[in-house]
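**Q** File follows, target10.cif with mmCIF, C-alpha atoms and all ligand atoms; chains and numbers go by the auth columns:
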```cif
data_structure
#
loop_
_atom_site.group_PDB
_atom_site.id
_atom_site.type_symbol
_atom_site.label_atom_id
_atom_site.label_comp_id
_atom_site.label_asym_id
_atom_site.label_seq_id
_atom_site.Cartn_x
_atom_site.Cartn_y
_atom_site.Cartn_z
_atom_site.B_iso_or_equiv
_atom_site.auth_seq_id
_atom_site.auth_asym_id
ATOM 1 C CA MET A 1 -14.221 -1.557 10.783 0.00 3 L
ATOM 2 C CA ASN A 2 -14.936 -5.160 11.721 0.00 4 L
ATOM 3 C CA VAL A 3 -13.177 -8.251 10.398 0.00 5 L
ATOM 4 C CA GLU A 4 -15.674 -8.658 7.541 0.00 6 L
ATOM 5 C CA GLN A 5 -15.002 -5.097 6.409 0.00 7 L
ATOM 6 C CA VAL A 6 -11.244 -5.698 6.553 0.00 8 L
ATOM 7 C CA LYS A 7 -11.728 -8.727 4.322 0.00 9 L
ATOM 8 C CA ALA A 8 -14.026 -6.750 1.987 0.00 10 L
ATOM 9 C CA TRP A 9 -11.373 -4.009 1.725 0.00 11 L
ATOM 10 C CA LEU A 10 -8.606 -6.445 0.810 0.00 12 L
ATOM 11 C CA HIS A 11 -10.713 -8.613 -1.482 0.00 13 L
ATOM 12 C CA GLY A 12 -11.851 -5.421 -3.218 0.00 14 L
ATOM 13 C CA TYR A 13 -8.195 -4.488 -3.604 0.00 15 L
ATOM 14 C CA GLN A 14 -7.349 -7.885 -5.064 0.00 16 L
ATOM 15 C CA GLN A 15 -10.187 -7.382 -7.544 0.00 17 L
ATOM 16 C CA ARG A 16 -8.847 -3.940 -8.530 0.00 18 L
ATOM 17 C CA LEU A 17 -5.360 -5.427 -8.934 0.00 19 L
ATOM 18 C CA SER A 18 -6.734 -7.949 -11.384 0.00 20 L
ATOM 19 C CA GLU A 19 -8.019 -4.979 -13.416 0.00 21 L
ATOM 20 C CA VAL A 20 -4.885 -2.786 -13.216 0.00 22 L
ATOM 21 C CA HIS A 21 -1.941 -5.212 -12.953 0.00 23 L
ATOM 22 C CA GLU A 22 -0.959 -4.662 -16.590 0.00 24 L
ATOM 23 C CA LEU A 23 -0.880 -0.907 -16.090 0.00 25 L
ATOM 24 C CA LEU A 24 1.308 -1.343 -12.986 0.00 26 L
ATOM 25 C CA ASP A 25 3.636 -3.652 -14.922 0.00 27 L
ATOM 26 C CA GLU A 26 3.829 -1.067 -17.706 0.00 28 L
ATOM 27 C CA LEU A 27 4.796 1.734 -15.286 0.00 29 L
ATOM 28 C CA ASP A 28 7.398 -0.561 -13.696 0.00 30 L
ATOM 29 C CA ASN A 29 8.604 -1.529 -17.154 0.00 31 L
ATOM 30 C CA ARG A 30 9.508 2.091 -17.844 0.00 32 L
ATOM 31 C CA ILE A 31 11.493 2.710 -14.650 0.00 33 L
ATOM 32 C CA GLY A 32 12.105 -0.739 -13.130 0.00 34 L
ATOM 33 C CA ASP A 33 11.835 -4.383 -14.138 0.00 35 L
ATOM 34 C CA GLY A 34 8.197 -4.535 -15.202 0.00 36 L
ATOM 35 C CA ASP A 35 6.840 -6.845 -12.519 0.00 37 L
ATOM 36 C CA HIS A 36 5.057 -4.671 -9.945 0.00 38 L
ATOM 37 C CA GLY A 37 1.513 -5.506 -11.086 0.00 39 L
ATOM 38 C CA THR A 38 2.329 -9.196 -11.454 0.00 40 L
ATOM 39 C CA ASN A 39 3.968 -9.242 -8.004 0.00 41 L
ATOM 40 C CA MET A 40 1.026 -7.517 -6.333 0.00 42 L
ATOM 41 C CA LEU A 41 -1.687 -9.538 -8.046 0.00 43 L
ATOM 42 C CA ARG A 42 -0.081 -12.888 -7.313 0.00 44 L
ATOM 43 C CA GLY A 43 0.719 -11.830 -3.751 0.00 45 L
ATOM 44 C CA PHE A 44 -2.796 -10.661 -2.943 0.00 46 L
ATOM 45 C CA GLN A 45 -4.421 -13.648 -4.620 0.00 47 L
ATOM 46 C CA VAL A 46 -2.487 -16.030 -2.381 0.00 48 L
ATOM 47 C CA ALA A 47 -2.541 -13.822 0.732 0.00 49 L
ATOM 48 C CA CYS A 48 -6.267 -13.010 0.579 0.00 50 L
ATOM 49 C CA ALA A 49 -7.091 -16.704 0.406 0.00 51 L
ATOM 50 C CA GLN A 50 -5.140 -17.236 3.648 0.00 52 L
ATOM 51 C CA MET A 51 -7.217 -14.551 5.378 0.00 53 L
ATOM 52 C CA THR A 52 -10.521 -16.426 5.139 0.00 54 L
ATOM 53 C CA GLU A 53 -10.436 -18.010 8.610 0.00 55 L
ATOM 54 C CA ALA A 54 -9.402 -14.837 10.464 0.00 56 L
ATOM 55 C CA ALA A 55 -11.715 -13.836 13.338 0.00 57 L
ATOM 56 C CA THR A 56 -10.463 -10.309 14.091 0.00 58 L
ATOM 57 C CA PRO A 57 -9.125 -7.361 12.058 0.00 59 L
ATOM 58 C CA SER A 58 -5.686 -7.931 13.571 0.00 60 L
ATOM 59 C CA GLU A 59 -5.657 -11.605 12.634 0.00 61 L
ATOM 60 C CA ALA A 60 -6.843 -10.850 9.078 0.00 62 L
ATOM 61 C CA VAL A 61 -4.042 -8.390 8.300 0.00 63 L
ATOM 62 C CA HIS A 62 -1.507 -10.646 10.041 0.00 64 L
ATOM 63 C CA LYS A 63 -2.424 -13.583 7.798 0.00 65 L
ATOM 64 C CA LEU A 64 -2.362 -11.284 4.782 0.00 66 L
ATOM 65 C CA ALA A 65 1.147 -10.064 5.684 0.00 67 L
ATOM 66 C CA MET A 66 2.427 -13.627 6.071 0.00 68 L
ATOM 67 C CA GLY A 67 0.964 -14.538 2.681 0.00 69 L
ATOM 68 C CA LEU A 68 2.618 -11.531 1.030 0.00 70 L
ATOM 69 C CA LEU A 69 5.973 -12.361 2.599 0.00 71 L
ATOM 70 C CA SER A 70 5.900 -15.874 1.244 0.00 72 L
ATOM 71 C CA THR A 71 4.788 -14.977 -2.305 0.00 73 L
ATOM 72 C CA VAL A 72 6.130 -11.556 -3.326 0.00 74 L
ATOM 73 C CA GLY A 73 9.829 -11.607 -4.082 0.00 75 L
ATOM 74 C CA GLY A 74 10.212 -7.962 -5.134 0.00 76 L
ATOM 75 C CA ALA A 75 10.923 -4.959 -2.914 0.00 77 L
ATOM 76 C CA SER A 76 7.221 -4.237 -2.570 0.00 78 L
ATOM 77 C CA GLY A 77 6.431 -7.592 -0.874 0.00 79 L
ATOM 78 C CA PRO A 78 8.339 -7.058 2.388 0.00 80 L
ATOM 79 C CA LEU A 79 7.304 -3.383 2.418 0.00 81 L
ATOM 80 C CA TYR A 80 3.557 -4.087 2.133 0.00 82 L
ATOM 81 C CA ALA A 81 3.952 -7.056 4.507 0.00 83 L
ATOM 82 C CA THR A 82 5.599 -4.795 7.092 0.00 84 L
ATOM 83 C CA ALA A 83 2.764 -2.295 6.692 0.00 85 L
ATOM 84 C CA PHE A 84 0.104 -4.935 7.400 0.00 86 L
ATOM 85 C CA LEU A 85 2.112 -6.431 10.290 0.00 87 L
ATOM 86 C CA ARG A 86 2.240 -3.018 11.956 0.00 88 L
ATOM 87 C CA MET A 87 -1.528 -2.644 11.535 0.00 89 L
ATOM 88 C CA SER A 88 -1.922 -6.079 13.090 0.00 90 L
ATOM 89 C CA GLN A 89 0.160 -5.042 16.120 0.00 91 L
ATOM 90 C CA THR A 90 -1.747 -1.786 16.524 0.00 92 L
ATOM 91 C CA TRP A 91 -5.128 -3.555 16.433 0.00 93 L
ATOM 92 C CA ARG A 92 -4.219 -6.458 18.746 0.00 94 L
ATOM 93 C CA GLU A 93 -7.130 -7.503 21.018 0.00 95 L
ATOM 94 C CA MET A 94 -9.606 -5.282 19.121 0.00 96 L
ATOM 95 C CA GLU A 95 -12.856 -6.816 17.857 0.00 97 L
ATOM 96 C CA GLU A 96 -13.561 -3.670 15.857 0.00 98 L
ATOM 97 C CA VAL A 97 -11.303 -0.897 14.658 0.00 99 L
ATOM 98 C CA SER A 98 -12.586 2.703 14.919 0.00 100 L
ATOM 99 C CA LEU A 99 -11.538 5.318 12.365 0.00 101 L
ATOM 100 C CA LYS A 100 -9.092 6.625 14.988 0.00 102 L
ATOM 101 C CA ASP A 101 -7.645 3.088 15.409 0.00 103 L
ATOM 102 C CA LEU A 102 -7.498 2.785 11.626 0.00 104 L
ATOM 103 C CA SER A 103 -5.529 6.037 11.406 0.00 105 L
ATOM 104 C CA ASP A 104 -3.146 4.854 14.148 0.00 106 L
ATOM 105 C CA GLY A 105 -2.682 1.531 12.331 0.00 107 L
ATOM 106 C CA LEU A 106 -1.938 3.258 9.015 0.00 108 L
ATOM 107 C CA ASN A 107 0.490 5.581 10.783 0.00 109 L
ATOM 108 C CA ALA A 108 2.309 2.589 12.303 0.00 110 L
ATOM 109 C CA ALA A 109 2.342 1.010 8.832 0.00 111 L
ATOM 110 C CA LEU A 110 3.992 4.094 7.354 0.00 112 L
ATOM 111 C CA ALA A 111 6.632 4.046 10.108 0.00 113 L
ATOM 112 C CA GLY A 112 7.293 0.373 9.312 0.00 114 L
ATOM 113 C CA ILE A 113 7.653 1.059 5.578 0.00 115 L
ATOM 114 C CA GLN A 114 10.135 3.846 6.326 0.00 116 L
ATOM 115 C CA GLN A 115 12.148 1.761 8.800 0.00 117 L
ATOM 116 C CA ARG A 116 12.366 -1.077 6.333 0.00 118 L
ATOM 117 C CA GLY A 117 13.057 0.928 3.162 0.00 119 L
ATOM 118 C CA SER A 118 14.667 4.135 4.494 0.00 120 L
ATOM 119 C CA ALA A 119 12.749 6.265 1.981 0.00 121 L
ATOM 120 C CA ASN A 120 11.623 9.795 2.729 0.00 122 L
ATOM 121 C CA VAL A 121 8.966 11.933 1.101 0.00 123 L
ATOM 122 C CA GLY A 122 10.227 13.044 -2.316 0.00 124 L
ATOM 123 C CA ASP A 123 12.259 9.890 -3.035 0.00 125 L
ATOM 124 C CA LYS A 124 9.615 8.676 -5.532 0.00 126 L
ATOM 125 C CA THR A 125 8.405 5.622 -3.607 0.00 127 L
ATOM 126 C CA MET A 126 5.150 4.499 -2.012 0.00 128 L
ATOM 127 C CA VAL A 127 6.095 6.706 0.974 0.00 129 L
ATOM 128 C CA ASP A 128 5.067 9.690 -1.180 0.00 130 L
ATOM 129 C CA VAL A 129 1.494 8.399 -1.046 0.00 131 L
ATOM 130 C CA TRP A 130 1.400 6.936 2.462 0.00 132 L
ATOM 131 C CA ALA A 131 2.805 10.017 4.219 0.00 133 L
ATOM 132 C CA PRO A 132 0.280 12.662 3.109 0.00 134 L
ATOM 133 C CA SER A 133 -2.659 10.227 3.268 0.00 135 L
ATOM 134 C CA VAL A 134 -1.824 9.117 6.805 0.00 136 L
ATOM 135 C CA GLU A 135 -1.392 12.744 7.837 0.00 137 L
ATOM 136 C CA CYS A 136 -4.828 13.444 6.448 0.00 138 L
ATOM 137 C CA MET A 137 -6.378 10.532 8.380 0.00 139 L
ATOM 138 C CA LEU A 138 -4.650 11.499 11.633 0.00 140 L
ATOM 139 C CA SER A 139 -5.836 15.086 11.446 0.00 141 L
ATOM 140 C CA ASP A 140 -9.427 14.071 10.617 0.00 142 L
ATOM 141 C CA PRO A 141 -10.230 10.455 11.595 0.00 143 L
ATOM 142 C CA THR A 142 -13.764 10.560 10.160 0.00 144 L
ATOM 143 C CA GLU A 143 -15.424 9.344 6.966 0.00 145 L
ATOM 144 C CA HIS A 144 -14.750 12.772 5.494 0.00 146 L
ATOM 145 C CA GLY A 145 -11.056 12.467 6.397 0.00 147 L
ATOM 146 C CA LEU A 146 -10.897 9.021 4.840 0.00 148 L
ATOM 147 C CA LEU A 147 -12.396 10.265 1.574 0.00 149 L
ATOM 148 C CA GLU A 148 -9.962 13.151 1.622 0.00 150 L
ATOM 149 C CA ALA A 149 -7.072 10.732 2.277 0.00 151 L
ATOM 150 C CA SER A 150 -8.108 8.736 -0.771 0.00 152 L
ATOM 151 C CA ARG A 151 -8.161 11.888 -2.902 0.00 153 L
ATOM 152 C CA VAL A 152 -4.805 13.027 -1.517 0.00 154 L
ATOM 153 C CA ALA A 153 -3.352 9.563 -2.247 0.00 155 L
ATOM 154 C CA ARG A 154 -4.420 9.706 -5.870 0.00 156 L
ATOM 155 C CA GLN A 155 -2.974 13.180 -6.374 0.00 157 L
ATOM 156 C CA ALA A 156 0.258 12.212 -4.591 0.00 158 L
ATOM 157 C CA ALA A 157 0.667 9.171 -6.863 0.00 159 L
ATOM 158 C CA LEU A 158 0.250 11.388 -9.942 0.00 160 L
ATOM 159 C CA ASN A 159 2.735 13.898 -8.497 0.00 161 L
ATOM 160 C CA THR A 160 5.479 11.230 -8.322 0.00 162 L
ATOM 161 C CA ARG A 161 5.689 11.535 -12.118 0.00 163 L
ATOM 162 C CA GLN A 162 7.890 14.611 -11.883 0.00 164 L
ATOM 163 C CA LEU A 163 10.186 13.238 -9.157 0.00 165 L
ATOM 164 C CA VAL A 164 13.676 11.722 -9.491 0.00 166 L
ATOM 165 C CA ALA A 165 13.821 8.245 -7.899 0.00 167 L
ATOM 166 C CA ARG A 166 16.216 7.956 -4.952 0.00 168 L
ATOM 167 C CA ARG A 167 15.286 4.479 -3.659 0.00 169 L
ATOM 168 C CA GLY A 168 14.570 1.108 -5.206 0.00 170 L
ATOM 169 C CA ARG A 169 15.313 -0.027 -8.747 0.00 171 L
ATOM 170 C CA ALA A 170 14.094 3.187 -10.380 0.00 172 L
ATOM 171 C CA SER A 171 16.922 5.067 -8.623 0.00 173 L
ATOM 172 C CA TYR A 172 19.419 3.355 -10.998 0.00 174 L
ATOM 173 C CA LEU A 173 17.921 5.509 -13.771 0.00 175 L
ATOM 174 C CA GLY A 174 18.577 8.803 -11.997 0.00 176 L
ATOM 175 C CA ASP A 175 17.064 11.717 -13.929 0.00 177 L
ATOM 176 C CA ARG A 176 15.619 9.329 -16.521 0.00 178 L
ATOM 177 C CA SER A 177 13.079 8.209 -13.911 0.00 179 L
ATOM 178 C CA VAL A 178 11.320 11.574 -14.365 0.00 180 L
ATOM 179 C CA GLY A 179 8.176 11.398 -16.511 0.00 181 L
ATOM 180 C CA THR A 180 6.720 8.128 -15.160 0.00 182 L
ATOM 181 C CA CYS A 181 4.573 7.681 -12.046 0.00 183 L
ATOM 182 C CA ASP A 182 6.055 5.427 -9.376 0.00 184 L
ATOM 183 C CA PRO A 183 4.253 2.057 -9.649 0.00 185 L
ATOM 184 C CA GLY A 184 4.255 1.410 -5.880 0.00 186 L
ATOM 185 C CA SER A 185 2.705 4.840 -5.319 0.00 187 L
ATOM 186 C CA VAL A 186 -0.067 4.007 -7.762 0.00 188 L
ATOM 187 C CA SER A 187 -0.755 0.617 -6.109 0.00 189 L
ATOM 188 C CA SER A 188 -0.761 2.339 -2.693 0.00 190 L
ATOM 189 C CA ALA A 189 -3.217 5.002 -3.851 0.00 191 L
ATOM 190 C CA ILE A 190 -5.562 2.255 -5.035 0.00 192 L
ATOM 191 C CA LEU A 191 -5.295 0.604 -1.588 0.00 193 L
ATOM 192 C CA PHE A 192 -6.472 3.854 0.054 0.00 194 L
ATOM 193 C CA GLU A 193 -9.212 4.225 -2.539 0.00 195 L
ATOM 194 C CA CYS A 194 -10.483 0.704 -1.816 0.00 196 L
ATOM 195 C CA LEU A 195 -10.483 1.489 1.906 0.00 197 L
ATOM 196 C CA ALA A 196 -12.669 4.555 1.374 0.00 198 L
ATOM 197 C CA ILE A 197 -15.004 2.631 -0.920 0.00 199 L
ATOM 198 C CA THR A 198 -15.427 -0.059 1.768 0.00 200 L
ATOM 199 C CA LEU A 199 -15.970 2.255 4.734 0.00 201 L
ATOM 200 C CA VAL A 200 -17.724 5.365 3.462 0.00 202 L
ATOM 201 C CA GLU A 201 -21.446 4.821 3.139 0.00 203 L
HETATM 202 P P1 LIG B . 11.078 -4.678 -7.460 0.00 301 O
HETATM 203 O O1 LIG B . 11.547 -3.257 -7.598 0.00 301 O
HETATM 204 O O2 LIG B . 11.952 -5.476 -6.545 0.00 301 O
HETATM 205 O O3 LIG B . 10.843 -5.338 -8.769 0.00 301 O
HETATM 206 P P2 LIG B . 8.266 -4.079 -7.258 0.00 301 O
HETATM 207 O O4 LIG B . 8.377 -3.739 -8.691 0.00 301 O
HETATM 208 O O5 LIG B . 7.194 -5.038 -6.881 0.00 301 O
HETATM 209 O O6 LIG B . 9.661 -4.596 -6.692 0.00 301 O
HETATM 210 O O7 LIG B . 7.995 -2.771 -6.397 0.00 301 O
HETATM 211 C C1 LIG B . 8.557 -1.526 -6.755 0.00 301 O
HETATM 212 C C2 LIG B . 7.967 -0.440 -5.862 0.00 301 O
HETATM 213 O O8 LIG B . 8.411 -0.617 -4.516 0.00 301 O
HETATM 214 C C3 LIG B . 8.403 0.963 -6.226 0.00 301 O
HETATM 215 O O9 LIG B . 7.551 1.509 -7.204 0.00 301 O
HETATM 216 C C4 LIG B . 8.355 1.729 -4.921 0.00 301 O
HETATM 217 O O10 LIG B . 7.103 2.360 -4.714 0.00 301 O
HETATM 218 C C5 LIG B . 8.533 0.644 -3.885 0.00 301 O
HETATM 219 N N1 LIG B . 9.858 0.721 -3.270 0.00 301 O
HETATM 220 C C6 LIG B . 11.031 0.227 -3.745 0.00 301 O
HETATM 221 N N2 LIG B . 12.027 0.481 -2.873 0.00 301 O
HETATM 222 C C7 LIG B . 11.473 1.160 -1.833 0.00 301 O
HETATM 223 C C8 LIG B . 11.975 1.700 -0.598 0.00 301 O
HETATM 224 N N3 LIG B . 13.258 1.595 -0.263 0.00 301 O
HETATM 225 N N4 LIG B . 11.084 2.301 0.235 0.00 301 O
HETATM 226 C C9 LIG B . 9.787 2.404 -0.099 0.00 301 O
HETATM 227 N N5 LIG B . 9.259 1.917 -1.223 0.00 301 O
HETATM 228 C C10 LIG B . 10.084 1.313 -2.088 0.00 301 O
HETATM 229 MG MG MG B . 9.622 -4.331 -10.197 0.00 302 O
HETATM 230 MG MG MG B . 11.289 -7.297 -9.476 0.00 303 O
#
```
Once you've parsed the file, please lay out its structure as structure tokens.
**A**
Amino acid sequence: MNVEQVKAWLHGYQQRLSEVHELLDELDNRIGDGDHGTNMLRGFQVACAQMTEAATPSEAVHKLAMGLLSTVGGASGPLYATAFLRMSQTWREMEEVSLKDLSDGLNAALAGIQQRGSANVGDKTMVDVWAPSVECMLSDPTEHGLLEASRVARQAALNTRQLVARRGRASYLGDRSVGTCDPGSVSSAILFECLAITLVE
């Protein structure tokens, strides 16, 4: 993945967010404060624009992270920003990122999300999508593995529906959080889907 492909991935994601932000707000409305789609769309609109001048994959995701930090107030802003900062650190000095490097970067991103938010698998957060998808990429860092990771991400996001939230705003609802998919899991699954769409020929 070269810098242009990183930009294509994230611009593609911004485009998808403009299509699904109302759905993400609606999910968040049921178990949170109804702003996840709005937060993500505004954040990526601003952050993607700041990425234009980047010359390497590392620089692109670093600029994106800084943009997210300065625009997204909700819990998801610092979490996604941390994820992209960790990718940036993993890819330092690289002109191009191989699928193995990509997997390592996503794994570092997951570790960052967990350090920052202290969520584990099963807590009904974006970690429920990142963990199995990263595992999939690490065990098979090929185009096939990436497609599989995207499929796994989608299924994992749907599976959060039956979970009780233990982190973030939705945790205030306790058992009443069951029956709605976690909005951050859905936005994360779309991020993995956009990655596969960009990189798999
Ligand atoms: P806020 O809850 O501050 O309004 P958003 O609505 O933008 O922020 O984001 C909510 C999403 O953030 C949740 O759906 C969940 O996936 C994710 N999230 C919240 N807290 C955590 C956490 N501690 N660890 C991981 N992800 C979290
Ligand atoms: Mg919210
Ligand atoms: Mg909020």
**Q** Enumerate, in order of chain and increasing residue number, the residues of stretch 52-167 of chain L with an atom no farther than 12 Å from stretch 32-41 of chain L, each with its shortest atom pair and distance in Å to one decimal, counting all atoms listed in the file, as JSON lines.
**A**
```
{"residue": "L:Leu70", "atom": "CA", "partner": "L:Asn41", "partner_atom": "CA", "distance": 9.4}
{"residue": "L:Leu71", "atom": "CA", "partner": "L:Asn41", "partner_atom": "CA", "distance": 11.2}
{"residue": "L:Ser72", "atom": "CA", "partner": "L:Asn41", "partner_atom": "CA", "distance": 11.5}
{"residue": "L:Thr73", "atom": "CA", "partner": "L:Asn41", "partner_atom": "CA", "distance": 8.1}
{"residue": "L:Val74", "atom": "CA", "partner": "L:Asn41", "partner_atom": "CA", "distance": 5.6}
{"residue": "L:Gly75", "atom": "CA", "partner": "L:Asn41", "partner_atom": "CA", "distance": 7.4}
{"residue": "L:Gly76", "atom": "CA", "partner": "L:Asn41", "partner_atom": "CA", "distance": 7.0}
{"residue": "L:Ala77", "atom": "CA", "partner": "L:His38", "partner_atom": "CA", "distance": 9.2}
{"residue": "L:Ser78", "atom": "CA", "partner": "L:His38", "partner_atom": "CA", "distance": 7.7}
{"residue": "L:Gly79", "atom": "CA", "partner": "L:Asn41", "partner_atom": "CA", "distance": 7.7}
{"residue": "L:Pro80", "atom": "CA", "partner": "L:Asn41", "partner_atom": "CA", "distance": 11.5}
{"residue": "L:Tyr82", "atom": "CA", "partner": "L:Asn41", "partner_atom": "CA", "distance": 11.4}
{"residue": "L:Lys126", "atom": "CA", "partner": "L:Ile33", "partner_atom": "CA", "distance": 11.1}
{"residue": "L:Thr127", "atom": "CA", "partner": "L:Ile33", "partner_atom": "CA", "distance": 11.8}
{"residue": "L:Arg163", "atom": "CA", "partner": "L:Ile33", "partner_atom": "CA", "distance": 10.9}
{"residue": "L:Leu165", "atom": "CA", "partner": "L:Ile33", "partner_atom": "CA", "distance": 11.9}
{"residue": "L:Val166", "atom": "CA", "partner": "L:Ile33", "partner_atom": "CA", "distance": 10.6}
{"residue": "L:Ala167", "atom": "CA", "partner": "L:Ile33", "partner_atom": "CA", "distance": 9.0}
```
**Q** Run the PyMOL selection byres (((chain L and resi 22) around 10) and not hetatm) on the file and write out the hits as a VMD selection string.
**A** chain L and resid 16 to 21 23 to 28 39 to 40 43 188 to 189 192
**Q** Could you list, as a list in words, every residue matched by the PyMOL selection byres (((chain L and resi 121) around 12) and not hetatm) in this structure?
**A**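 On the file shown, the PyMOL selection byres (((chain L and resi 121) around 12) and not hetatm) covers Leu81, Leu112, Ala113, Gly114, Ile115, Gln116, Gln117, Arg118, Gly119, Ser120, Asn122, Val123, Gly124, Asp125, Lys126, Thr127, Met128, Val129, Asp130, Val131, Trp132, Ala133, Ala167, Arg168, Arg169, Gly170 and Ser173 of chain L.
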**Q** My list of candidates is L:Ala172, L:Ser190, L:His64, L:Asn4. Which is closest to ligand MG 302 (chain O) when distances are computed with all atoms listed in the file?
**A**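 Looking only at the distances to ligand MG 302 (chain O), the closest residue turns out to be L:Ala172.
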**Q** With distances taken over all atoms listed in the file, which residue among L:Ala191, L:Met3, L:Met139, L:Leu101 lies nearest L:Ala158?
**A**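 Checking each of L:Ala191, L:Met3, L:Met139, L:Leu101 against L:Ala158, counting all atoms listed in the file, the winner is L:Ala191.
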**Q** Interatomic distance between atom C3 of ligand LIG 301 (chain O) and atom CA of L:Cys183?
**A**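 Between these atoms lies a distance of 9.7 Å.
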**Q** Pick from L:Glu137, L:Glu203, L:Glu6, L:Asp30: nearest to ligand LIG 301 (chain O), with only C-alpha atoms and all ligand atoms counted?
**A**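 Answer, going by the shortest atom-to-atom distance: L:Asp30.
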**Q** Rounded to one decimal in Å, what is the spacing between atom CA of L:Ala110 and atom CA of L:Leu140?
**A** 11.3 Å
**Q** Of the candidates L:Glu195, L:Glu95, L:Glu55, L:Asp184, which one gets nearest to L:Asn31 if we count only C-alpha atoms?
**A**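 That would be L:Asp184, the residue with the smallest distance to L:Asn31.
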**Q** Selected by the PyMOL selection byres (((chain L and resi 60) around 12) and not hetatm) in the shown coordinates: which residues, as a PyMOL selection string?
**A** chain L and resi 3-6+8-9+53+56-59+61-67+86-99+103-104+107
**Q** For ligand MG 302 (chain O), which residue out of L:Gln52, L:Gly186, L:Trp11, L:Ser135 is the nearest one, using all atoms listed in the file?
**A**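 Counting all atoms listed in the file, the residue closest to ligand MG 302 (chain O) is L:Gly186.
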**Q** Taking into account all atoms listed in the file, which residue in the set L:Thr182, L:Asn109, L:Gln47, L:Thr200 is nearest to L:Asn161?
**A**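 That would be L:Thr182, the residue with the smallest distance to L:Asn161.
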**Q** Calculate how many Å separate atom CA of L:Leu175 from atom C6 of ligand LIG 301 (chain O), rounding to one decimal.
**A**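 Answer for the atom CA of L:Leu175 to atom C6 of ligand LIG 301 (chain O) separation: 13.3 Å.
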**Q** Could you give me the centre and size, in Å to one decimal, of an axis-aligned box around all listed atoms of stretch 104-117 of chain L with 6 Å added on every side, as AutoDock Vina command-line options?
**A**
```
--center_x 2.3 --center_y 3.2 --center_z 9.9 --size_x 31.6 --size_y 17.7 --size_z 20.6
```
**Q** List as JSON, numbers by chain the residues having at least one atom at most 9 Å from position (-16.9, -2.8, -2.6) as given in the file, counting all atoms listed in the file.
**A** {"L": [10, 11, 13, 14, 15, 196, 197, 199, 200, 201]}
**Q** So that I have them on file, write out the residues from the current selection with C-alpha atoms, as a compact mmCIF listing (two decimals), keeping the file's coordinate frame.
**A**
```txt
# COMPACT_ATOMS: atom_id res chain seq x y z
CA ALA L 10 -14.03 -6.75 1.99
CA TRP L 11 -11.37 -4.01 1.72
CA HIS L 13 -10.71 -8.61 -1.48
CA GLY L 14 -11.85 -5.42 -3.22
CA TYR L 15 -8.20 -4.49 -3.60
CA CYS L 196 -10.48 0.70 -1.82
CA LEU L 197 -10.48 1.49 1.91
CA ILE L 199 -15.00 2.63 -0.92
CA THR L 200 -15.43 -0.06 1.77
CA LEU L 201 -15.97 2.26 4.73
```
